[in-house]
Structure formats: C-alpha cells, structure tokens
file run.cif (mmCIF, C-alpha atoms and all ligand atoms; chains and numbers go by the auth columns)
data_protein
loop_
_atom_site.group_PDB
_atom_site.id
_atom_site.type_symbol
_atom_site.label_atom_id
_atom_site.label_comp_id
_atom_site.label_asym_id
_atom_site.label_seq_id
_atom_site.Cartn_x
_atom_site.Cartn_y
_atom_site.Cartn_z
_atom_site.B_iso_or_equiv
_atom_site.auth_seq_id
_atom_site.auth_asym_id
ATOM 1 C CA MET A 1 -14.564 -8.211 10.532 0.00 1 A
ATOM 2 C CA SER A 2 -11.603 -6.652 12.338 0.00 2 A
ATOM 3 C CA LYS A 3 -11.422 -2.844 12.286 0.00 3 A
ATOM 4 C CA LEU A 4 -7.625 -2.947 12.079 0.00 4 A
ATOM 5 C CA VAL A 5 -6.110 -1.892 8.740 0.00 5 A
ATOM 6 C CA TYR A 6 -2.544 -2.777 7.753 0.00 6 A
ATOM 7 C CA ILE A 7 -0.793 -0.193 5.558 0.00 7 A
ATOM 8 C CA LEU A 8 2.072 -2.028 3.881 0.00 8 A
ATOM 9 C CA ASN A 9 4.847 -0.345 1.924 0.00 9 A
ATOM 10 C CA GLY A 10 7.491 -1.904 -0.264 0.00 10 A
ATOM 11 C CA PRO A 11 11.076 -1.159 -1.237 0.00 11 A
ATOM 12 C CA ASN A 12 12.568 2.328 -1.145 0.00 12 A
ATOM 13 C CA LEU A 13 9.440 3.935 0.283 0.00 13 A
ATOM 14 C CA ASN A 14 11.461 4.627 3.452 0.00 14 A
ATOM 15 C CA LEU A 15 13.065 7.358 1.296 0.00 15 A
ATOM 16 C CA LEU A 16 9.742 9.157 0.870 0.00 16 A
ATOM 17 C CA GLY A 17 10.189 12.897 1.400 0.00 17 A
ATOM 18 C CA LYS A 18 13.961 12.527 1.330 0.00 18 A
ATOM 19 C CA ARG A 19 14.669 12.008 -2.420 0.00 19 A
ATOM 20 C CA GLN A 20 12.945 12.589 -5.783 0.00 20 A
ATOM 21 C CA PRO A 21 10.349 15.074 -4.444 0.00 21 A
ATOM 22 C CA GLU A 22 9.400 15.913 -8.062 0.00 22 A
ATOM 23 C CA ILE A 23 7.879 12.416 -8.360 0.00 23 A
ATOM 24 C CA TYR A 24 6.931 11.438 -4.802 0.00 24 A
ATOM 25 C CA GLY A 25 6.467 14.790 -3.010 0.00 25 A
ATOM 26 C CA ARG A 26 7.915 16.063 0.272 0.00 26 A
ATOM 27 C CA ALA A 27 5.836 14.167 2.832 0.00 27 A
ATOM 28 C CA THR A 28 7.543 11.326 4.689 0.00 28 A
ATOM 29 C CA LEU A 29 6.166 7.903 5.566 0.00 29 A
ATOM 30 C CA ASP A 30 5.744 9.180 9.155 0.00 30 A
ATOM 31 C CA ASP A 31 3.490 11.945 7.760 0.00 31 A
ATOM 32 C CA VAL A 32 1.490 9.281 5.888 0.00 32 A
ATOM 33 C CA ALA A 33 1.157 7.224 9.092 0.00 33 A
ATOM 34 C CA ALA A 34 -0.110 10.288 11.005 0.00 34 A
ATOM 35 C CA ASP A 35 -2.645 11.232 8.267 0.00 35 A
ATOM 36 C CA CYS A 36 -3.959 7.679 8.022 0.00 36 A
ATOM 37 C CA ALA A 37 -4.258 7.355 11.813 0.00 37 A
ATOM 38 C CA THR A 38 -6.320 10.583 11.936 0.00 38 A
ATOM 39 C CA VAL A 39 -8.697 9.402 9.200 0.00 39 A
ATOM 40 C CA ALA A 40 -8.902 5.898 10.663 0.00 40 A
ATOM 41 C CA ALA A 41 -9.843 7.277 14.114 0.00 41 A
ATOM 42 C CA GLU A 42 -12.562 9.422 12.519 0.00 42 A
ATOM 43 C CA LEU A 43 -13.995 6.266 10.916 0.00 43 A
ATOM 44 C CA GLY A 44 -13.734 4.055 14.022 0.00 44 A
ATOM 45 C CA LEU A 45 -10.787 2.121 12.598 0.00 45 A
ATOM 46 C CA THR A 46 -7.213 1.590 13.743 0.00 46 A
ATOM 47 C CA CYS A 47 -4.195 1.178 11.512 0.00 47 A
ATOM 48 C CA GLU A 48 -0.575 0.075 11.545 0.00 48 A
ATOM 49 C CA LEU A 49 1.841 1.301 8.888 0.00 49 A
ATOM 50 C CA LYS A 50 4.820 -0.888 8.016 0.00 50 A
ATOM 51 C CA GLN A 51 7.586 -0.628 5.414 0.00 51 A
ATOM 52 C CA SER A 52 10.173 -3.136 4.266 0.00 52 A
ATOM 53 C CA ASN A 53 12.709 -3.424 1.485 0.00 53 A
ATOM 54 C CA TRP A 54 12.371 -7.236 1.707 0.00 54 A
ATOM 55 C CA GLU A 55 9.729 -9.137 -0.247 0.00 55 A
ATOM 56 C CA GLY A 56 9.571 -11.967 2.317 0.00 56 A
ATOM 57 C CA GLN A 57 8.896 -9.522 5.153 0.00 57 A
ATOM 58 C CA ILE A 58 5.943 -8.058 3.257 0.00 58 A
ATOM 59 C CA ILE A 59 4.606 -11.576 2.647 0.00 59 A
ATOM 60 C CA ASP A 60 4.968 -12.393 6.377 0.00 60 A
ATOM 61 C CA TRP A 61 3.007 -9.235 7.256 0.00 61 A
ATOM 62 C CA ILE A 62 0.237 -10.223 4.814 0.00 62 A
ATOM 63 C CA HIS A 63 0.070 -13.652 6.535 0.00 63 A
ATOM 64 C CA GLU A 64 -0.039 -11.901 9.935 0.00 64 A
ATOM 65 C CA ALA A 65 -2.893 -9.710 8.635 0.00 65 A
ATOM 66 C CA ARG A 66 -4.942 -12.877 7.992 0.00 66 A
ATOM 67 C CA GLU A 67 -5.238 -13.260 11.798 0.00 67 A
ATOM 68 C CA ARG A 68 -5.450 -9.587 12.749 0.00 68 A
ATOM 69 C CA ALA A 69 -6.720 -7.200 10.074 0.00 69 A
ATOM 70 C CA GLY A 70 -9.968 -6.585 8.191 0.00 70 A
ATOM 71 C CA GLY A 71 -8.176 -4.761 5.388 0.00 71 A
ATOM 72 C CA ILE A 72 -4.812 -4.093 3.807 0.00 72 A
ATOM 73 C CA ILE A 73 -3.790 -0.893 2.052 0.00 73 A
ATOM 74 C CA ILE A 74 -0.659 -1.744 0.106 0.00 74 A
ATOM 75 C CA ASN A 75 1.885 0.184 -1.917 0.00 75 A
ATOM 76 C CA PRO A 76 4.169 -2.661 -2.943 0.00 76 A
ATOM 77 C CA GLY A 77 6.649 -0.277 -4.642 0.00 77 A
ATOM 78 C CA ALA A 78 8.521 -1.956 -7.493 0.00 78 A
ATOM 79 C CA PHE A 79 7.305 -5.399 -6.290 0.00 79 A
ATOM 80 C CA THR A 80 3.946 -4.320 -7.778 0.00 80 A
ATOM 81 C CA HIS A 81 5.310 -5.102 -11.210 0.00 81 A
ATOM 82 C CA THR A 82 7.242 -8.280 -10.415 0.00 82 A
ATOM 83 C CA SER A 83 5.877 -10.201 -7.464 0.00 83 A
ATOM 84 C CA VAL A 84 3.641 -13.217 -8.019 0.00 84 A
ATOM 85 C CA ALA A 85 4.569 -14.146 -4.419 0.00 85 A
ATOM 86 C CA ILE A 86 2.901 -11.020 -3.007 0.00 86 A
ATOM 87 C CA LEU A 87 -0.142 -11.680 -5.222 0.00 87 A
ATOM 88 C CA ASP A 88 -0.322 -15.263 -3.884 0.00 88 A
ATOM 89 C CA ALA A 89 -0.108 -14.016 -0.279 0.00 89 A
ATOM 90 C CA LEU A 90 -2.868 -11.446 -0.901 0.00 90 A
ATOM 91 C CA ASN A 91 -5.024 -14.159 -2.476 0.00 91 A
ATOM 92 C CA ALA A 92 -4.802 -16.032 0.854 0.00 92 A
ATOM 93 C CA PHE A 93 -6.093 -12.938 2.739 0.00 93 A
ATOM 94 C CA ASP A 94 -9.880 -12.848 3.170 0.00 94 A
ATOM 95 C CA GLY A 95 -10.327 -9.127 3.936 0.00 95 A
ATOM 96 C CA PHE A 96 -10.328 -6.088 1.651 0.00 96 A
ATOM 97 C CA VAL A 97 -7.238 -5.045 -0.305 0.00 97 A
ATOM 98 C CA LEU A 98 -6.678 -1.538 -1.667 0.00 98 A
ATOM 99 C CA GLU A 99 -3.608 -0.797 -3.796 0.00 99 A
ATOM 100 C CA VAL A 100 -2.026 2.669 -3.650 0.00 100 A
ATOM 101 C CA HIS A 101 0.576 4.288 -5.874 0.00 101 A
ATOM 102 C CA ILE A 102 1.792 7.780 -5.111 0.00 102 A
ATOM 103 C CA SER A 103 2.679 8.489 -8.738 0.00 103 A
ATOM 104 C CA ASN A 104 0.473 7.867 -11.751 0.00 104 A
ATOM 105 C CA VAL A 105 2.154 4.673 -12.868 0.00 105 A
ATOM 106 C CA HIS A 106 0.225 4.775 -16.176 0.00 106 A
ATOM 107 C CA LYS A 107 1.941 8.032 -17.129 0.00 107 A
ATOM 108 C CA ARG A 108 5.381 6.502 -16.542 0.00 108 A
ATOM 109 C CA GLU A 109 7.498 3.762 -18.160 0.00 109 A
ATOM 110 C CA SER A 110 5.554 0.859 -19.709 0.00 110 A
ATOM 111 C CA PHE A 111 7.045 -1.642 -17.198 0.00 111 A
ATOM 112 C CA ARG A 112 5.061 0.187 -14.474 0.00 112 A
ATOM 113 C CA HIS A 113 1.755 -0.292 -16.304 0.00 113 A
ATOM 114 C CA HIS A 114 1.255 -3.886 -15.210 0.00 114 A
ATOM 115 C CA SER A 115 0.474 -4.735 -11.590 0.00 115 A
ATOM 116 C CA TYR A 116 0.197 -8.285 -10.239 0.00 116 A
ATOM 117 C CA VAL A 117 -1.423 -6.847 -7.100 0.00 117 A
ATOM 118 C CA SER A 118 -4.262 -5.282 -9.145 0.00 118 A
ATOM 119 C CA MET A 119 -5.410 -8.829 -9.972 0.00 119 A
ATOM 120 C CA ARG A 120 -6.428 -9.121 -6.283 0.00 120 A
ATOM 121 C CA ALA A 121 -7.073 -5.522 -5.227 0.00 121 A
ATOM 122 C CA ASP A 122 -10.635 -4.384 -4.529 0.00 122 A
ATOM 123 C CA GLY A 123 -9.609 -0.872 -5.599 0.00 123 A
ATOM 124 C CA VAL A 124 -6.568 0.961 -6.963 0.00 124 A
ATOM 125 C CA MET A 125 -5.410 4.572 -6.424 0.00 125 A
ATOM 126 C CA ALA A 126 -2.625 6.036 -8.564 0.00 126 A
ATOM 127 C CA GLY A 127 -1.340 9.564 -8.990 0.00 127 A
ATOM 128 C CA PHE A 128 -3.021 11.175 -5.976 0.00 128 A
ATOM 129 C CA GLY A 129 0.321 11.715 -4.237 0.00 129 A
ATOM 130 C CA VAL A 130 0.544 10.610 -0.613 0.00 130 A
ATOM 131 C CA GLN A 131 -3.091 11.741 -0.227 0.00 131 A
ATOM 132 C CA GLY A 132 -3.949 8.450 -1.932 0.00 132 A
ATOM 133 C CA TYR A 133 -3.313 6.593 1.340 0.00 133 A
ATOM 134 C CA ALA A 134 -5.837 8.659 3.331 0.00 134 A
ATOM 135 C CA LEU A 135 -8.354 8.407 0.465 0.00 135 A
ATOM 136 C CA ALA A 136 -7.887 4.641 0.433 0.00 136 A
ATOM 137 C CA MET A 137 -8.482 4.646 4.213 0.00 137 A
ATOM 138 C CA ARG A 138 -11.806 6.449 3.644 0.00 138 A
ATOM 139 C CA ARG A 139 -12.807 3.782 1.127 0.00 139 A
ATOM 140 C CA MET A 140 -11.720 1.104 3.617 0.00 140 A
ATOM 141 C CA GLY A 141 -14.076 2.736 6.141 0.00 141 A
ATOM 142 C CA GLU A 142 -16.970 2.136 3.724 0.00 142 A
ATOM 143 C CA LEU A 143 -15.924 -1.438 2.960 0.00 143 A
ATOM 144 C CA LEU A 144 -15.560 -2.355 6.661 0.00 144 A
ATOM 145 C CA LYS A 145 -18.928 -0.853 7.700 0.00 145 A
HETATM 146 O O1 LIG B . 4.094 5.475 -7.295 0.00 201 A
HETATM 147 C C1 LIG B . 4.295 4.615 -6.432 0.00 201 A
HETATM 148 O O2 LIG B . 3.849 4.679 -5.288 0.00 201 A
HETATM 149 C C2 LIG B . 5.211 3.423 -6.766 0.00 201 A
HETATM 150 O O3 LIG B . 4.666 2.270 -6.136 0.00 201 A
HETATM 151 C C3 LIG B . 6.566 3.759 -6.176 0.00 201 A
HETATM 152 C C4 LIG B . 7.655 2.749 -6.514 0.00 201 A
HETATM 153 C C5 LIG B . 7.672 2.456 -8.012 0.00 201 A
HETATM 154 O O4 LIG B . 8.600 1.427 -8.284 0.00 201 A
HETATM 155 C C6 LIG B . 6.309 2.059 -8.530 0.00 201 A
HETATM 156 O O5 LIG B . 6.386 1.853 -9.935 0.00 201 A
HETATM 157 C C7 LIG B . 5.283 3.145 -8.248 0.00 201 A
HETATM 158 C C8 LIG B . 9.024 3.268 -6.092 0.00 201 A
HETATM 159 C C9 LIG B . 9.092 3.659 -4.672 0.00 201 A
HETATM 160 C C10 LIG B . 10.363 4.430 -4.476 0.00 201 A
HETATM 161 O O6 LIG B . 10.107 5.402 -3.495 0.00 201 A
HETATM 162 C C11 LIG B . 10.967 6.442 -3.385 0.00 201 A
HETATM 163 C C12 LIG B . 10.523 7.518 -2.667 0.00 201 A
HETATM 164 C C13 LIG B . 11.335 8.607 -2.544 0.00 201 A
HETATM 165 C C14 LIG B . 12.587 8.628 -3.111 0.00 201 A
HETATM 166 C C15 LIG B . 13.031 7.541 -3.833 0.00 201 A
HETATM 167 C C16 LIG B . 12.214 6.435 -3.951 0.00 201 A
#
call {"tool": "encode", "arguments": {"input": "run.cif", "output": "structure tokens", "more": "lines below"}}
Ligand code: CA2
result
Amino acid sequence: MSKLVYILNGPNLNLLGKRQPEIYGRATLDDVAADCATVAAELGLTCELKQSNWEGQIIDWIHEARERAGGIIINPGAFTHTSVAILDALNAFDGFVLEVHISNVHKRESFRHHSYVSMRADGVMAGFGVQGYALAMRRMGELLK
C-alpha cells in the first residue's frame, strides 16, 4: 500500500483563516498543509494537500489517488451534503478514506447533518478545528501500517 496520503479540500476552504474565524479559526490551508506534512514525516508517510472549488476537479483527484495514494483525507466542504458523484468516486478508491470537518456539523443547521461521504469513510472527525486534519493523519498512520 502506498504511503502517500492525499488531503483533499472542497469549495471555499481556500478562505480558511481569512473569513469567519469564529467558525473555522485563524489557521490557513497552508498551515494545515505544514502541520500534516510534519505529522506524516513522523509516521513515515508523505502527503499532498489540494483544494478546489470545482466538484469535477475533486473527482479527478480521487481518480488520480487510485494510482498513487494509500489513503485520502477529505474535507469535501458543502459537497459533503450534496455530492453522490464524490461518493461514487470514493467508492472506486481501494485505500482508506477519512472524512474531516473543521466545525461540528452536528451542532449546526440540519442540512449539514447528512454526509454522503460518511457512507464510504473509514472514520469521521468533526469539530476538532483544523487539528482534525493532523489527528486524521495520525489515524491514517495506523491504518497504513
Ligand atoms: O466544517 C467543515 O469543515 C465544513 O466541511 C466546512 C464547509 C461546510 O459547508 C460544511 O458543512 C462543514 C464550508 C467550508 C467553507 O470554508 C470557509 C472557511 C473560511 C471562511 C469561509 C468559508
């Protein structure tokens, strides 16, 4: 199993640290990438963090991961709650899938309570802030042992 982990991020997450700090905190996606790379190196893994506002781009990256990665950590943003297409793509990926949400989606509006991605995910983190990504990476380290 490949030791490469894809960290995929959906729409608007490029704004992390730049807007709505009361919900999503002050760390940027670059900070997340740096934290995850540190943890991954400690565990003998490598990682690549990607973000897109386009559903099709995320699907293409999941297909690419089929050839390259042993695991995917994914925060699909609002596509979490709408995208059967992302679920289908993840179902065609043989490695491990961990779903991350910065906020506790269960404490928010009811439309955020359902996740298509959770039907495929091997684990789900919600409400741990951006720390959730590094925690998911630690879990990925166990799964890829
Ligand atoms: O809590 C999460 O990580 C979410 O996946 C974030 C999504 C939201 O639609 C999900 O229900 C839960 C929204 C991402 C928007 O990210 C922003 C970050 C900073 C400023 C504005 C938006």
call {"tool": "residues_around", "arguments": {"input": "run.cif", "residues": "Asp35 of chain A", "least_positions_apart": "3", "cutoff": "9 Å", "atoms": "only C-alpha atoms", "output": "list in words"}}
result
Asp30, Asp31, Val32, Thr38, Val39, Ala40, Gln131, Tyr133 and Ala134 of chain A
call {"tool": "closest_residue", "arguments": {"input": "run.cif", "among": "A:Leu87, A:Ala78, A:Ala136, A:Leu143", "to": "ligand LIG 201 (chain A)", "atoms": "only C-alpha atoms and all ligand atoms"}}
result
A:Ala78
call {"tool": "residues_around", "arguments": {"input": "run.cif", "residues": "Glu55 of chain A", "least_positions_apart": "6", "cutoff": "12 Å", "atoms": "only C-alpha atoms", "output": "list in words"}}
result
Leu8, Asn9, Gly10, Pro11, Asn12, Trp61, Ile62, Pro76, Gly77, Ala78, Phe79, Thr80, Thr82, Ser83, Val84, Ala85, Ile86, Leu87 and Ala89 of chain A
call {"tool": "residues_near_ligand", "arguments": {"input": "run.cif", "ligand": "ligand LIG 201 (chain A)", "cutoff": "10 Å", "atoms": "all atoms listed in the file", "output": "JSON, numbers by chain"}}
result
{"A": [9, 10, 11, 12, 13, 14, 15, 16, 17, 18, 19, 20, 21, 22, 23, 24, 25, 26, 27, 28, 29, 74, 75, 76, 77, 78, 79, 80, 81, 99, 100, 101, 102, 103, 104, 105, 106, 108, 109, 110, 111, 112, 113, 114, 115, 125, 126, 127, 128, 129, 130, 132, 133]}
call {"tool": "closest_residue", "arguments": {"input": "run.cif", "among": "A:Ala92, A:Cys36, A:Tyr116, A:Leu43", "to": "Leu144 of chain A", "atoms": "all atoms listed in the file"}}
result
A:Leu43
call {"tool": "closest_residue", "arguments": {"input": "run.cif", "among": "A:Arg66, A:Asn53, A:Ala121, A:Glu42", "to": "Arg138 of chain A", "atoms": "only C-alpha atoms"}}
result
A:Glu42
call {"tool": "atom_distance", "arguments": {"input": "run.cif", "atom1": "atom CA of Ser52 of chain A", "atom2": "atom CA of Arg139 of chain A"}}
result
24.2 Å
call {"tool": "atom_distance", "arguments": {"input": "run.cif", "atom1": "atom CA of Leu135 of chain A", "atom2": "atom CA of Ile73 of chain A"}}
result
10.5 Å
call {"tool": "resolve_selection", "arguments": {"input": "run.cif", "expression": "the PyMOL selection byres (((chain A and resi 65) around 10) and not hetatm)", "output": "PyMOL selection string"}}
result
chain A and resi 2+4-6+59-64+66-72+90+93-95
call {"tool": "write_last_selection", "arguments": {"input": "run.cif", "atoms": "C-alpha atoms", "output": "mmCIF file, in the coordinates of the input"}}
result
data_model
loop_
_atom_site.group_PDB
_atom_site.id
_atom_site.type_symbol
_atom_site.label_atom_id
_atom_site.label_comp_id
_atom_site.auth_asym_id
_atom_site.auth_seq_id
_atom_site.Cartn_x
_atom_site.Cartn_y
_atom_site.Cartn_z
ATOM 1 C CA SER A 2 -11.603 -6.652 12.338
ATOM 2 C CA LEU A 4 -7.625 -2.947 12.079
ATOM 3 C CA VAL A 5 -6.110 -1.892 8.740
ATOM 4 C CA TYR A 6 -2.544 -2.777 7.753
ATOM 5 C CA ILE A 59 4.606 -11.576 2.647
ATOM 6 C CA ASP A 60 4.968 -12.393 6.377
ATOM 7 C CA TRP A 61 3.007 -9.235 7.256
ATOM 8 C CA ILE A 62 0.237 -10.223 4.814
ATOM 9 C CA HIS A 63 0.070 -13.652 6.535
ATOM 10 C CA GLU A 64 -0.039 -11.901 9.935
ATOM 11 C CA ARG A 66 -4.942 -12.877 7.992
ATOM 12 C CA GLU A 67 -5.238 -13.260 11.798
ATOM 13 C CA ARG A 68 -5.450 -9.587 12.749
ATOM 14 C CA ALA A 69 -6.720 -7.200 10.074
ATOM 15 C CA GLY A 70 -9.968 -6.585 8.191
ATOM 16 C CA GLY A 71 -8.176 -4.761 5.388
ATOM 17 C CA ILE A 72 -4.812 -4.093 3.807
ATOM 18 C CA LEU A 90 -2.868 -11.446 -0.901
ATOM 19 C CA PHE A 93 -6.093 -12.938 2.739
ATOM 20 C CA ASP A 94 -9.880 -12.848 3.170
ATOM 21 C CA GLY A 95 -10.327 -9.127 3.936
#
call {"tool": "atom_distance", "arguments": {"input": "run.cif", "atom1": "atom CA of Ile58 of chain A", "atom2": "atom CA of Ala41 of chain A"}}
result
24.5 Å
call {"tool": "closest_residue", "arguments": {"input": "run.cif", "among": "A:Ile7, A:Met119, A:Lys50, A:Leu45", "to": "Lys145 of chain A", "atoms": "all atoms listed in the file"}}
result
A:Leu45
call {"tool": "axis_aligned_box", "arguments": {"input": "run.cif", "around": "segment 124-137 of chain A", "padding_each_side": "8 Å", "output": "AutoDock Vina command-line options"}}
result
--center_x -4.0 --center_y 6.4 --center_z -2.4 --size_x 25.0 --size_y 26.8 --size_z 29.2
call {"tool": "closest_residue", "arguments": {"input": "run.cif", "among": "A:Asp122, A:Lys3, A:Ala33, A:Asp88", "to": "Thr46 of chain A", "atoms": "all atoms listed in the file"}}
result
A:Lys3
